$ cat coords-v7.csv   # CSV, C-alpha atoms and all ligand atoms
chain,number,residue,atom,x,y,z
A,8,MET,CA,84.9,27.1,-29.3
A,9,ALA,CA,82.4,25.9,-31.9
A,10,GLU,CA,80.6,22.7,-31.0
A,11,LYS,CA,81.3,20.0,-33.5
A,12,LYS,CA,78.7,17.2,-33.7
A,13,ILE,CA,79.8,13.6,-33.5
A,14,ILE,CA,78.7,12.0,-36.7
A,15,PRO,CA,77.3,8.5,-36.4
A,16,ALA,CA,78.4,5.8,-38.9
A,17,ARG,CA,76.5,5.6,-42.2
A,18,ARG,CA,75.6,2.0,-41.5
A,19,THR,CA,73.2,3.1,-38.8
A,20,GLU,CA,71.2,5.4,-41.1
A,21,ASN,CA,68.7,2.8,-42.3
A,22,VAL,CA,68.4,0.7,-39.1
A,23,ARG,CA,64.8,0.5,-38.2
A,24,TYR,CA,62.9,-1.6,-35.7
A,25,ALA,CA,59.2,-0.6,-36.0
A,26,ILE,CA,58.2,-3.1,-33.3
A,27,ARG,CA,60.0,-1.0,-30.6
A,28,ASP,CA,59.6,2.4,-32.4
A,29,ILE,CA,55.8,2.3,-31.8
A,30,VAL,CA,56.4,1.9,-28.1
A,31,VAL,CA,57.6,5.5,-27.8
A,32,LEU,CA,54.2,6.8,-28.9
A,33,ALA,CA,52.4,4.3,-26.7
A,34,GLY,CA,54.4,5.5,-23.7
A,35,GLU,CA,53.4,9.1,-24.3
A,36,VAL,CA,49.7,8.1,-24.6
A,37,ALA,CA,50.0,5.9,-21.5
A,38,LYS,CA,51.3,9.0,-19.5
A,39,THR,CA,48.0,10.8,-20.2
A,40,GLY,CA,46.2,8.1,-18.0
A,41,LYS,CA,44.5,6.3,-20.9
A,42,GLU,CA,43.8,2.6,-20.5
A,43,MET,CA,46.3,0.9,-22.8
A,44,LEU,CA,45.8,-2.5,-24.5
A,45,TYR,CA,49.1,-3.8,-25.8
A,46,LEU,CA,48.8,-6.2,-28.8
A,47,ASN,CA,52.3,-5.3,-30.0
A,48,ILE,CA,54.8,-7.2,-27.9
A,49,GLY,CA,56.3,-10.5,-29.0
A,50,ASP,CA,57.1,-11.4,-25.4
A,51,PRO,CA,54.9,-13.9,-23.7
A,52,ASN,CA,56.1,-13.0,-20.2
A,53,VAL,CA,54.6,-9.5,-20.5
A,54,TYR,CA,51.2,-11.2,-20.6
A,55,ASP,CA,49.9,-14.2,-18.5
A,56,TRP,CA,52.5,-16.7,-19.6
A,57,HIS,CA,55.1,-18.1,-17.2
A,58,THR,CA,58.4,-19.9,-17.6
A,59,PRO,CA,58.1,-23.7,-16.7
A,60,SER,CA,59.6,-23.8,-13.2
A,61,HIS,CA,61.9,-26.9,-13.9
A,62,ILE,CA,63.8,-24.8,-16.4
A,63,ILE,CA,64.3,-22.0,-13.8
A,64,GLU,CA,65.4,-24.5,-11.2
A,65,ALA,CA,68.1,-26.0,-13.5
A,66,THR,CA,69.5,-22.5,-14.2
A,67,TYR,CA,69.4,-21.6,-10.5
A,68,LYS,CA,71.2,-24.8,-9.6
A,69,ALA,CA,73.9,-24.0,-12.2
A,70,MET,CA,74.4,-20.6,-10.6
A,71,LEU,CA,74.7,-22.1,-7.1
A,72,ALA,CA,77.1,-24.7,-8.5
A,73,ASN,CA,79.2,-21.6,-9.6
A,74,TYR,CA,78.8,-22.1,-13.3
A,75,ASN,CA,79.1,-18.4,-13.4
A,76,GLY,CA,82.3,-18.0,-15.3
A,77,TYR,CA,82.7,-17.9,-19.1
A,78,SER,CA,81.6,-21.0,-21.0
A,79,PRO,CA,83.3,-22.4,-24.1
A,80,SER,CA,82.6,-20.0,-27.0
A,81,SER,CA,80.4,-22.5,-28.8
A,82,GLY,CA,78.6,-23.4,-25.6
A,83,VAL,CA,78.6,-26.0,-22.8
A,84,ALA,CA,79.1,-29.5,-24.3
A,85,ALA,CA,76.0,-31.0,-22.7
A,86,ALA,CA,73.8,-28.2,-24.0
A,87,VAL,CA,75.3,-28.5,-27.5
A,88,LYS,CA,74.5,-32.2,-27.3
A,89,ALA,CA,70.9,-31.5,-26.3
A,90,ILE,CA,70.6,-29.2,-29.3
A,91,GLU,CA,72.1,-31.9,-31.6
A,92,ASN,CA,69.4,-34.3,-30.4
A,93,GLU,CA,66.9,-31.7,-31.1
A,94,ALA,CA,68.3,-31.3,-34.6
A,95,HIS,CA,67.9,-35.0,-35.1
A,96,LYS,CA,64.3,-34.9,-33.9
A,97,LYS,CA,63.7,-32.2,-36.6
A,98,GLY,CA,65.2,-34.6,-39.1
A,99,ILE,CA,68.5,-32.7,-39.6
A,100,ASN,CA,71.0,-35.5,-39.6
A,101,ASN,CA,74.0,-34.1,-41.4
A,102,VAL,CA,74.9,-31.6,-38.6
A,103,LEU,CA,78.4,-30.0,-39.1
A,104,ASP,CA,78.5,-27.6,-36.3
A,105,ILE,CA,76.3,-26.2,-33.4
A,106,PHE,CA,76.9,-23.0,-31.4
A,107,ILE,CA,75.0,-21.3,-28.6
A,108,THR,CA,74.4,-17.6,-28.7
A,109,THR,CA,72.9,-14.6,-26.9
A,110,GLY,CA,69.4,-15.3,-28.3
A,111,GLY,CA,68.7,-16.5,-31.8
A,112,SER,CA,69.4,-12.8,-32.7
A,113,GLU,CA,73.1,-13.1,-32.1
A,114,ALA,CA,73.3,-16.3,-34.1
A,115,ILE,CA,71.5,-14.6,-37.0
A,116,GLU,CA,73.7,-11.5,-36.9
A,117,LEU,CA,76.9,-13.5,-36.5
A,118,CYS,CA,76.1,-15.8,-39.4
A,119,LEU,CA,75.3,-13.0,-41.8
A,120,ASN,CA,78.4,-11.1,-40.6
A,121,ALA,CA,80.5,-14.2,-41.4
A,122,LEU,CA,79.0,-14.5,-44.9
A,123,VAL,CA,78.0,-11.2,-46.4
A,124,ASN,CA,80.4,-8.5,-47.7
A,125,GLU,CA,79.5,-4.8,-48.4
A,126,GLY,CA,77.6,-4.7,-51.7
A,127,ASP,CA,76.5,-8.4,-51.5
A,128,ASN,CA,72.8,-9.2,-50.8
A,129,PHE,CA,70.7,-11.9,-49.2
A,130,LEU,CA,67.1,-12.7,-50.1
A,131,MET,CA,64.8,-11.6,-47.4
A,132,PRO,CA,61.2,-12.7,-46.9
A,133,THR,CA,58.8,-9.7,-47.1
A,134,PRO,CA,56.9,-9.2,-44.9
A,135,GLY,CA,59.5,-10.5,-42.4
A,136,TYR,CA,61.2,-9.9,-39.0
A,137,PRO,CA,63.1,-6.6,-39.1
A,138,LEU,CA,66.3,-7.8,-37.4
A,139,TYR,CA,67.5,-9.0,-40.8
A,140,THR,CA,67.1,-5.7,-42.6
A,141,ALA,CA,68.8,-3.9,-39.6
A,142,VAL,CA,71.8,-6.3,-40.0
A,143,GLU,CA,71.6,-5.7,-43.8
A,144,SER,CA,72.1,-2.0,-43.1
A,145,LYS,CA,74.9,-2.5,-40.7
A,146,LEU,CA,76.7,-4.7,-43.3
A,147,GLU,CA,76.1,-2.2,-46.0
A,148,ALA,CA,74.5,-5.0,-48.0
A,149,VAL,CA,72.1,-4.3,-50.8
A,150,PRO,CA,68.4,-5.0,-49.9
A,151,ASN,CA,66.9,-7.9,-51.8
A,152,PRO,CA,63.4,-8.6,-50.6
A,153,TYR,CA,61.4,-11.5,-51.9
A,154,TYR,CA,57.7,-11.5,-51.5
A,155,LEU,CA,55.2,-13.8,-49.7
A,156,ASP,CA,52.0,-14.5,-51.5
A,157,GLU,CA,49.4,-12.2,-49.9
A,158,LYS,CA,46.6,-14.9,-50.0
A,159,THR,CA,48.6,-17.6,-48.3
A,160,TRP,CA,51.8,-15.9,-47.1
A,161,GLN,CA,53.8,-18.7,-48.7
A,162,PRO,CA,57.1,-17.6,-50.4
A,163,ASP,CA,56.6,-16.6,-54.0
A,164,LEU,CA,59.0,-19.0,-55.8
A,165,ASP,CA,59.0,-17.1,-59.1
A,166,ASP,CA,59.9,-13.9,-57.3
A,167,ILE,CA,62.7,-15.6,-55.5
A,168,LYS,CA,64.1,-17.0,-58.8
A,169,SER,CA,63.9,-13.6,-60.5
A,170,LYS,CA,65.8,-11.9,-57.7
A,171,ILE,CA,69.0,-14.0,-57.6
A,172,ASN,CA,72.1,-12.3,-58.9
A,173,PRO,CA,75.9,-12.9,-58.7
A,174,ARG,CA,76.1,-11.0,-55.4
A,175,THR,CA,73.3,-13.1,-53.7
A,176,LYS,CA,74.8,-15.1,-50.8
A,177,ALA,CA,71.9,-16.5,-48.9
A,178,ILE,CA,68.2,-16.9,-48.6
A,179,VAL,CA,66.4,-16.2,-45.3
A,180,LEU,CA,63.4,-18.3,-44.5
A,181,ILE,CA,61.3,-17.5,-41.4
A,182,ASN,CA,59.2,-20.5,-40.6
A,183,PRO,CA,56.7,-20.1,-38.8
A,184,ASN,CA,56.8,-16.5,-40.0
A,185,ASN,CA,56.8,-13.3,-38.0
A,186,PRO,CA,54.6,-11.2,-38.7
A,187,THR,CA,52.1,-13.5,-40.6
A,188,GLY,CA,52.1,-16.7,-38.5
A,189,SER,CA,52.2,-18.7,-41.7
A,190,VAL,CA,53.9,-22.2,-41.8
A,191,CYS,CA,55.7,-23.1,-45.0
A,192,LYS,CA,54.4,-26.0,-47.0
A,193,LYS,CA,56.8,-28.9,-47.7
A,194,GLU,CA,56.5,-28.5,-51.5
A,195,THR,CA,57.5,-24.9,-51.3
A,196,LEU,CA,60.5,-25.8,-49.1
A,197,LEU,CA,61.6,-28.5,-51.5
A,198,GLU,CA,61.6,-25.9,-54.3
A,199,ILE,CA,63.6,-23.4,-52.2
A,200,VAL,CA,66.2,-26.2,-51.5
A,201,LYS,CA,66.5,-26.7,-55.3
A,202,VAL,CA,67.0,-23.0,-56.0
A,203,ALA,CA,69.5,-22.7,-53.1
A,204,LYS,CA,71.5,-25.7,-54.4
A,205,GLU,CA,71.5,-24.5,-58.0
A,206,ASN,CA,72.8,-21.1,-57.0
A,207,ASP,CA,75.1,-22.0,-54.1
A,208,LEU,CA,73.1,-20.1,-51.6
A,209,VAL,CA,73.2,-20.7,-47.8
A,210,ILE,CA,69.7,-21.1,-46.4
A,211,MET,CA,69.2,-19.2,-43.2
A,212,ALA,CA,66.3,-21.1,-41.6
A,213,ASP,CA,64.8,-19.1,-38.7
A,214,GLU,CA,62.8,-21.7,-36.8
A,215,ILE,CA,62.6,-19.9,-33.5
A,216,TYR,CA,58.8,-20.6,-33.3
A,217,ASP,CA,59.0,-24.3,-34.5
A,218,LYS,CA,57.0,-25.7,-31.5
A,219,MET,CA,54.2,-23.2,-31.7
A,220,ILE,CA,52.0,-24.9,-34.3
A,221,PHE,CA,48.2,-25.0,-34.6
A,222,ASP,CA,45.5,-27.1,-36.2
A,223,GLY,CA,47.8,-30.0,-36.6
A,224,ALA,CA,49.7,-28.1,-39.3
A,225,GLU,CA,52.9,-29.8,-40.4
A,226,MET,CA,56.2,-28.1,-39.4
A,227,VAL,CA,59.0,-29.2,-41.7
A,228,SER,CA,62.5,-28.1,-41.2
A,229,ILE,CA,64.1,-27.2,-44.5
A,230,GLY,CA,67.5,-28.5,-43.3
A,231,ALA,CA,66.0,-31.9,-43.0
A,232,LEU,CA,64.9,-32.1,-46.7
A,233,ASP,CA,68.3,-32.5,-48.3
A,234,LYS,CA,71.6,-33.6,-46.7
A,235,ASP,CA,73.7,-31.6,-49.2
A,236,VAL,CA,72.0,-28.2,-49.0
A,237,SER,CA,74.0,-25.5,-47.1
A,238,CYS,CA,71.9,-24.5,-44.2
A,239,VAL,CA,72.0,-22.8,-40.8
A,240,THR,CA,68.9,-23.4,-38.7
A,241,PHE,CA,68.3,-20.9,-35.9
A,242,GLY,CA,66.5,-21.8,-32.8
A,243,GLY,CA,66.3,-20.7,-29.2
A,244,LEU,CA,64.5,-20.9,-25.9
A,245,SER,CA,62.8,-17.4,-26.0
A,246,LYS,CA,59.5,-18.3,-27.5
A,247,ASN,CA,59.0,-22.1,-27.2
A,248,TYR,CA,60.1,-22.1,-23.6
A,249,ILE,CA,58.9,-18.6,-22.5
A,250,VAL,CA,62.2,-17.0,-21.5
A,251,PRO,CA,63.0,-14.3,-24.0
A,252,GLY,CA,64.9,-12.3,-21.4
A,253,TRP,CA,67.4,-15.1,-20.9
A,254,ARG,CA,68.8,-14.6,-24.3
A,255,MET,CA,69.4,-18.2,-25.2
A,256,GLY,CA,69.6,-19.2,-28.8
A,257,TRP,CA,71.6,-21.3,-31.2
A,258,GLY,CA,72.6,-22.1,-34.8
A,259,ILE,CA,72.8,-25.6,-36.3
A,260,VAL,CA,75.0,-25.8,-39.5
A,261,SER,CA,74.2,-28.6,-41.9
A,262,GLY,CA,75.3,-29.6,-45.4
A,263,ARG,CA,78.5,-30.8,-47.0
A,264,GLN,CA,81.7,-30.6,-44.9
A,265,ASN,CA,84.0,-29.6,-47.8
A,266,VAL,CA,81.6,-26.9,-49.0
A,267,MET,CA,81.0,-25.4,-45.5
A,268,ALA,CA,84.4,-25.8,-43.8
A,269,ASP,CA,85.7,-22.2,-44.4
A,270,TYR,CA,82.4,-20.7,-43.5
A,271,ILE,CA,82.2,-22.7,-40.3
A,272,GLU,CA,85.7,-21.5,-39.3
A,273,ALA,CA,84.7,-17.9,-40.0
A,274,ILE,CA,81.7,-18.3,-37.7
A,275,ASN,CA,83.8,-19.9,-35.0
A,276,LYS,CA,86.4,-17.0,-35.2
A,277,MET,CA,83.6,-14.6,-34.5
A,278,LEU,CA,82.2,-16.8,-31.7
A,279,ARG,CA,85.6,-16.8,-30.0
A,280,ALA,CA,86.0,-13.0,-30.4
A,281,ARG,CA,82.8,-12.4,-28.3
A,282,LEU,CA,83.8,-15.0,-25.6
A,283,CYS,CA,80.5,-16.8,-25.0
A,284,ALA,CA,76.8,-16.7,-24.4
A,285,ASN,CA,75.2,-16.5,-20.9
A,286,HIS,CA,76.6,-19.5,-19.0
A,287,PRO,CA,74.2,-20.7,-16.3
A,288,GLU,CA,71.2,-20.4,-18.7
A,289,GLN,CA,72.8,-23.0,-20.9
A,290,TYR,CA,71.9,-25.5,-18.2
A,291,GLY,CA,68.4,-24.3,-18.6
A,292,VAL,CA,68.7,-25.2,-22.3
A,293,ILE,CA,69.6,-28.8,-21.3
A,294,GLU,CA,66.6,-29.0,-19.0
A,295,ALA,CA,64.3,-27.3,-21.5
A,296,LEU,CA,65.1,-29.7,-24.3
A,297,THR,CA,65.4,-32.9,-22.3
A,298,GLY,CA,62.9,-32.4,-19.5
A,299,SER,CA,59.1,-32.2,-19.4
A,300,GLN,CA,57.5,-30.7,-22.6
A,301,GLU,CA,54.1,-30.6,-20.9
A,302,HIS,CA,53.6,-26.8,-21.3
A,303,ILE,CA,53.8,-27.0,-25.1
A,304,PRO,CA,50.5,-28.6,-26.1
A,305,ALA,CA,48.8,-26.5,-23.4
A,306,MET,CA,50.3,-23.3,-24.7
A,307,ASN,CA,49.3,-24.1,-28.3
A,308,GLN,CA,45.8,-24.9,-27.3
A,309,THR,CA,45.4,-21.6,-25.5
A,310,LEU,CA,47.1,-19.6,-28.3
A,311,GLN,CA,44.7,-21.3,-30.8
A,312,LYS,CA,41.7,-20.3,-28.7
A,313,ARG,CA,43.0,-16.7,-28.5
A,314,ARG,CA,43.7,-16.6,-32.2
A,315,ASP,CA,40.1,-17.7,-33.0
A,316,ILE,CA,38.6,-15.0,-30.7
A,317,THR,CA,40.3,-12.4,-32.8
A,318,LEU,CA,39.4,-14.0,-36.1
A,319,ASP,CA,35.8,-14.2,-35.1
A,320,ILE,CA,35.6,-10.5,-34.5
A,321,VAL,CA,37.7,-9.6,-37.6
A,322,LYS,CA,35.2,-11.6,-39.7
A,323,GLY,CA,32.5,-9.1,-38.8
A,324,ILE,CA,34.6,-6.0,-39.8
A,325,GLU,CA,34.3,-5.1,-43.4
A,326,GLY,CA,37.6,-4.2,-45.0
A,327,ILE,CA,39.9,-6.1,-42.5
A,328,ASP,CA,41.2,-9.5,-43.5
A,329,VAL,CA,43.5,-12.0,-41.8
A,330,VAL,CA,45.0,-15.1,-43.3
A,331,LYS,CA,44.5,-17.7,-40.5
A,332,PRO,CA,47.9,-18.1,-38.7
A,333,GLU,CA,49.1,-21.7,-38.3
A,334,GLY,CA,52.0,-21.0,-35.9
A,335,ALA,CA,54.0,-18.5,-33.8
A,336,PHE,CA,51.8,-15.9,-32.0
A,337,TYR,CA,51.2,-13.3,-34.5
A,338,ALA,CA,48.5,-12.3,-37.1
A,339,TYR,CA,48.9,-9.9,-39.9
A,340,ALA,CA,45.7,-8.0,-40.7
A,341,SER,CA,45.2,-6.2,-44.1
A,342,ILE,CA,43.4,-2.9,-43.8
A,343,ASP,CA,41.9,-0.6,-46.4
A,344,VAL,CA,43.7,2.6,-45.5
A,345,ASP,CA,46.3,4.9,-47.2
A,346,ASP,CA,49.1,4.6,-44.7
A,347,ASP,CA,49.3,1.9,-42.0
A,348,THR,CA,51.8,3.8,-39.8
A,349,LYS,CA,49.4,6.8,-39.6
A,350,PHE,CA,46.5,4.4,-38.9
A,351,CYS,CA,48.4,2.7,-36.0
A,352,GLN,CA,49.4,6.0,-34.6
A,353,GLU,CA,45.8,7.3,-34.6
A,354,LEU,CA,44.5,4.0,-33.2
A,355,ILE,CA,46.9,4.3,-30.3
A,356,LYS,CA,45.9,7.9,-29.6
A,357,GLU,CA,42.2,7.3,-29.9
A,358,THR,CA,41.7,3.9,-28.3
A,359,GLY,CA,44.9,3.0,-26.4
A,360,VAL,CA,45.2,-0.2,-28.6
A,361,VAL,CA,48.8,-0.8,-29.6
A,362,VAL,CA,49.6,-2.8,-32.8
A,363,VAL,CA,52.6,-2.6,-35.1
A,364,PRO,CA,52.2,-1.0,-38.6
A,365,GLY,CA,52.8,-3.4,-41.5
A,366,SER,CA,55.4,-1.1,-43.1
A,367,GLY,CA,57.7,-2.1,-40.2
A,368,PHE,CA,58.0,-5.6,-41.8
A,369,GLY,CA,58.5,-4.5,-45.4
A,370,LYS,CA,55.7,-5.0,-47.9
A,371,ARG,CA,54.8,-5.1,-51.6
A,372,ASN,CA,51.3,-3.7,-51.7
A,373,GLY,CA,48.6,-2.7,-49.4
A,374,ASN,CA,48.5,-1.8,-45.7
A,375,TYR,CA,48.6,-4.0,-42.7
A,376,PHE,CA,49.0,-4.2,-38.9
A,377,ARG,CA,50.5,-7.0,-36.9
A,378,TYR,CA,49.0,-8.0,-33.6
A,379,VAL,CA,49.9,-10.7,-31.1
A,380,ILE,CA,47.5,-13.4,-29.9
A,381,LEU,CA,49.3,-13.6,-26.5
A,382,PRO,CA,46.9,-11.5,-24.3
A,383,ASN,CA,44.1,-13.1,-22.4
A,384,GLU,CA,40.6,-13.5,-24.0
A,385,LYS,CA,39.2,-10.5,-22.1
A,386,ILE,CA,41.9,-8.1,-23.4
A,387,LEU,CA,41.7,-9.4,-27.0
A,388,ASP,CA,37.9,-9.1,-27.0
A,389,LYS,CA,38.0,-5.5,-25.7
A,390,ALA,CA,40.9,-4.5,-28.0
A,391,PHE,CA,39.3,-5.9,-31.1
A,392,ASN,CA,35.9,-4.3,-30.4
A,393,LYS,CA,37.7,-1.0,-30.1
A,394,ILE,CA,39.6,-1.6,-33.3
A,395,ALA,CA,36.3,-2.4,-35.1
A,396,GLU,CA,34.7,0.8,-33.8
A,397,PHE,CA,37.7,2.9,-34.7
A,398,TYR,CA,38.2,1.3,-38.1
A,399,GLY,CA,34.5,1.9,-39.0
A,400,LYS,CA,35.1,5.7,-38.5
A,401,TYR,CA,38.6,5.8,-40.0
A,402,LYS,CA,38.3,3.8,-43.2
A,403,LYS,CA,38.9,5.6,-46.5
A,501,LIG,C1,61.5,-14.5,-36.5
A,501,LIG,C2,62.3,-14.2,-35.3
A,501,LIG,N1,63.6,-14.5,-35.3
A,501,LIG,C3,64.4,-14.3,-34.2
A,501,LIG,C4,63.9,-13.6,-33.1
A,501,LIG,C5,64.9,-13.3,-32.0
A,501,LIG,O1,64.7,-14.2,-31.0
A,501,LIG,P1,65.7,-14.3,-29.8
A,501,LIG,O2,65.0,-13.8,-28.5
A,501,LIG,O3,66.1,-15.7,-29.7
A,501,LIG,O4,66.9,-13.4,-30.1
A,501,LIG,C6,62.6,-13.2,-33.1
A,501,LIG,C7,62.0,-12.4,-32.0
A,501,LIG,O5,61.0,-11.9,-32.0
A,501,LIG,C8,61.8,-13.5,-34.2
A,501,LIG,O6,60.5,-13.1,-34.2
$ encode --input "coords-v7.csv" --output "structure tokens"
Amino acid sequence: MAEKKIIPARRTENVRYAIRDIVVLAGEVAKTGKEMLYLNIGDPNVYDWHTPSHIIEATYKAMLANYNGYSPSSGVAAAVKAIENEAHKKGINNVLDIFITTGGSEAIELCLNALVNEGDNFLMPTPGYPLYTAVESKLEAVPNPYYLDEKTWQPDLDDIKSKINPRTKAIVLINPNNPTGSVCKKETLLEIVKVAKENDLVIMADEIYDKMIFDGAEMVSIGALDKDVSCVTFGGLSKNYIVPGWRMGWGIVSGRQNVMADYIEAINKMLRARLCANHPEQYGVIEALTGSQEHIPAMNQTLQKRRDITLDIVKGIEGIDVVKPEGAFYAYASIDVDDDTKFCQELIKETGVVVVPGSGFGKRNGNYFRYVILPNEKILDKAFNKIAEFYGKYKK
């Protein structure tokens, strides 16, 4: 009998996630016995970062207390309350709904699912985190990138305005940004609020890195700037509290009740259909948000120091430039080459240094790579000296 192939759905065709794709090549090179220096992973626990123990203890206690069944679909009431207090601390006072999800990722996907029809579009920061474009493909939505200014990585307002059309449903804002580490200026955010209100767009405010801020930069939550703007603010424990494997995230809906009511019900229908997020870890959310925050300034100080080590070396490499990151744990280096994917592949094979090609985050012009500032000083120093040496030979 002839073998007939199972044909995957069309919606998977354009799903890309360069951050993990590059790992396949790195794995092959590692097998040859080469020393690998991983600057590609947005996971602090892979490096020398540890979860604050009081958060682990709270989760462990919840497990022992047998909070191991399903939780309510929107989350445990006390954890939702802790997130509401957090929203107030961020200045978001017109909260309409809060729900806890399997990482910020699930909240993002669920909120886009509940809003965007096939053929619609949402404005996507470019460069930006590729989960959004993967969801866009799944929804058979039409890509609608807006660009960040390459000199500052602030959203380009004229570009945003020129890209809005009758099928535009939302604008995504990643602040602080992955992959650039940029933090949005308040005046830019105020303009985005204005545009969103004028065009009835929902702002999808991804603030998953909101506590990782350097040099005293000001982190402003866009949802706090206007009580009437329709906004979902995404947050989570993964990065700020060093537990990405727990998969604890949330969404905070704010704006006007009458405008948002149907959308909120649509989100909640989808929340109910997937039962709930991890249950015992929600007790970790309560402890994380209400307990000691001591690790946060210490973490930021270390990250800042590690960032500066890389910037000092980069300064000495002709043809590589980095806009100084003010938050998160990434930096986005521009390189004078023809094809950043090829560059990153060759870099891995030649030196064992693993970074992510800029094309994985979408881009307008130029070539880039993203690196994390999470590894310790010794690894960063070694990796960047190898990059410098390799780049000197590779450059066009
Ligand atoms: C900008 C951004 N949003 C969301 C996420 C997903 O985070 P979570 O672990 O909460 O799903 C990430 C993870 O890297 C991210 O960089």
$ residues_near_ligand --input "coords-v7.csv" --ligand "ligand LIG 501 (chain A)" --cutoff "10 Å" --atoms "all atoms listed in the file" --output "tab-separated table (two decimals) with C-alpha atoms, in the frame of the given file"
chain	number	residue	atom	x	y	z
A	26	ILE	CA	58.20	-3.10	-33.30
A	48	ILE	CA	54.80	-7.20	-27.90
A	49	GLY	CA	56.30	-10.50	-29.00
A	50	ASP	CA	57.10	-11.40	-25.40
A	108	THR	CA	74.40	-17.60	-28.70
A	109	THR	CA	72.90	-14.60	-26.90
A	110	GLY	CA	69.40	-15.30	-28.30
A	111	GLY	CA	68.70	-16.50	-31.80
A	112	SER	CA	69.40	-12.80	-32.70
A	113	GLU	CA	73.10	-13.10	-32.10
A	114	ALA	CA	73.30	-16.30	-34.10
A	115	ILE	CA	71.50	-14.60	-37.00
A	116	GLU	CA	73.70	-11.50	-36.90
A	135	GLY	CA	59.50	-10.50	-42.40
A	136	TYR	CA	61.20	-9.90	-39.00
A	137	PRO	CA	63.10	-6.60	-39.10
A	138	LEU	CA	66.30	-7.80	-37.40
A	139	TYR	CA	67.50	-9.00	-40.80
A	180	LEU	CA	63.40	-18.30	-44.50
A	181	ILE	CA	61.30	-17.50	-41.40
A	182	ASN	CA	59.20	-20.50	-40.60
A	183	PRO	CA	56.70	-20.10	-38.80
A	184	ASN	CA	56.80	-16.50	-40.00
A	185	ASN	CA	56.80	-13.30	-38.00
A	186	PRO	CA	54.60	-11.20	-38.70
A	188	GLY	CA	52.10	-16.70	-38.50
A	212	ALA	CA	66.30	-21.10	-41.60
A	213	ASP	CA	64.80	-19.10	-38.70
A	214	GLU	CA	62.80	-21.70	-36.80
A	215	ILE	CA	62.60	-19.90	-33.50
A	216	TYR	CA	58.80	-20.60	-33.30
A	241	PHE	CA	68.30	-20.90	-35.90
A	242	GLY	CA	66.50	-21.80	-32.80
A	243	GLY	CA	66.30	-20.70	-29.20
A	244	LEU	CA	64.50	-20.90	-25.90
A	245	SER	CA	62.80	-17.40	-26.00
A	246	LYS	CA	59.50	-18.30	-27.50
A	247	ASN	CA	59.00	-22.10	-27.20
A	249	ILE	CA	58.90	-18.60	-22.50
A	250	VAL	CA	62.20	-17.00	-21.50
A	251	PRO	CA	63.00	-14.30	-24.00
A	252	GLY	CA	64.90	-12.30	-21.40
A	253	TRP	CA	67.40	-15.10	-20.90
A	254	ARG	CA	68.80	-14.60	-24.30
A	255	MET	CA	69.40	-18.20	-25.20
A	256	GLY	CA	69.60	-19.20	-28.80
A	257	TRP	CA	71.60	-21.30	-31.20
A	335	ALA	CA	54.00	-18.50	-33.80
A	336	PHE	CA	51.80	-15.90	-32.00
A	337	TYR	CA	51.20	-13.30	-34.50
$ residues_around --input "coords-v7.csv" --residues "Ser237 in chain A" --least-positions-apart "3" --cutoff "7 Å" --atoms "all atoms listed in the file" --output "number ranges by chain"
A: 209-210, 261-263
$ write_last_selection --input "coords-v7.csv" --atoms "C-alpha atoms" --output "PDB file, keeping the file's coordinate frame"
ATOM      1  CA  VAL A 209      73.200 -20.700 -47.800  1.00  0.00           C
ATOM      2  CA  ILE A 210      69.700 -21.100 -46.400  1.00  0.00           C
ATOM      3  CA  SER A 261      74.200 -28.600 -41.900  1.00  0.00           C
ATOM      4  CA  GLY A 262      75.300 -29.600 -45.400  1.00  0.00           C
ATOM      5  CA  ARG A 263      78.500 -30.800 -47.000  1.00  0.00           C
TER       6      ARG A 263
END
$ closest_atom_pairs --input "coords-v7.csv" --of "range 130-244 of chain A" --to "range 86-103 of chain A" --cutoff "10 Å" --atoms "only C-alpha atoms" --output "Markdown table"
| residue | atom | partner | partner_atom | distance |
| --- | --- | --- | --- | --- |
| A:Asp217 | CA | A:Lys97 | CA | 9.4 |
| A:Met226 | CA | A:Lys97 | CA | 9.0 |
| A:Val227 | CA | A:Lys97 | CA | 7.6 |
| A:Ser228 | CA | A:Lys97 | CA | 6.3 |
| A:Ile229 | CA | A:Ile99 | CA | 8.6 |
| A:Gly230 | CA | A:Ile99 | CA | 5.7 |
| A:Ala231 | CA | A:Ile99 | CA | 4.3 |
| A:Leu232 | CA | A:Ile99 | CA | 8.0 |
| A:Asp233 | CA | A:Ile99 | CA | 8.7 |
| A:Lys234 | CA | A:Asn101 | CA | 5.8 |
| A:Asp235 | CA | A:Asn101 | CA | 8.2 |
| A:Val236 | CA | A:Asn101 | CA | 9.8 |
| A:Cys238 | CA | A:Val102 | CA | 9.5 |
| A:Val239 | CA | A:Val102 | CA | 9.5 |
| A:Thr240 | CA | A:Ala94 | CA | 8.9 |
| A:Gly242 | CA | A:Ile90 | CA | 9.2 |
| A:Gly243 | CA | A:Ile90 | CA | 9.5 |
$ closest_residue --input "coords-v7.csv" --among "A:Glu384, A:Asp328, A:Glu42, A:Asp156" --to "Val360 in chain A" --atoms "all atoms listed in the file"
A:Glu42
$ atom_distance --input "coords-v7.csv" --atom1 "CA of Gly126 in chain A" --atom2 "CA of Asn21 in chain A"
15.0 Å
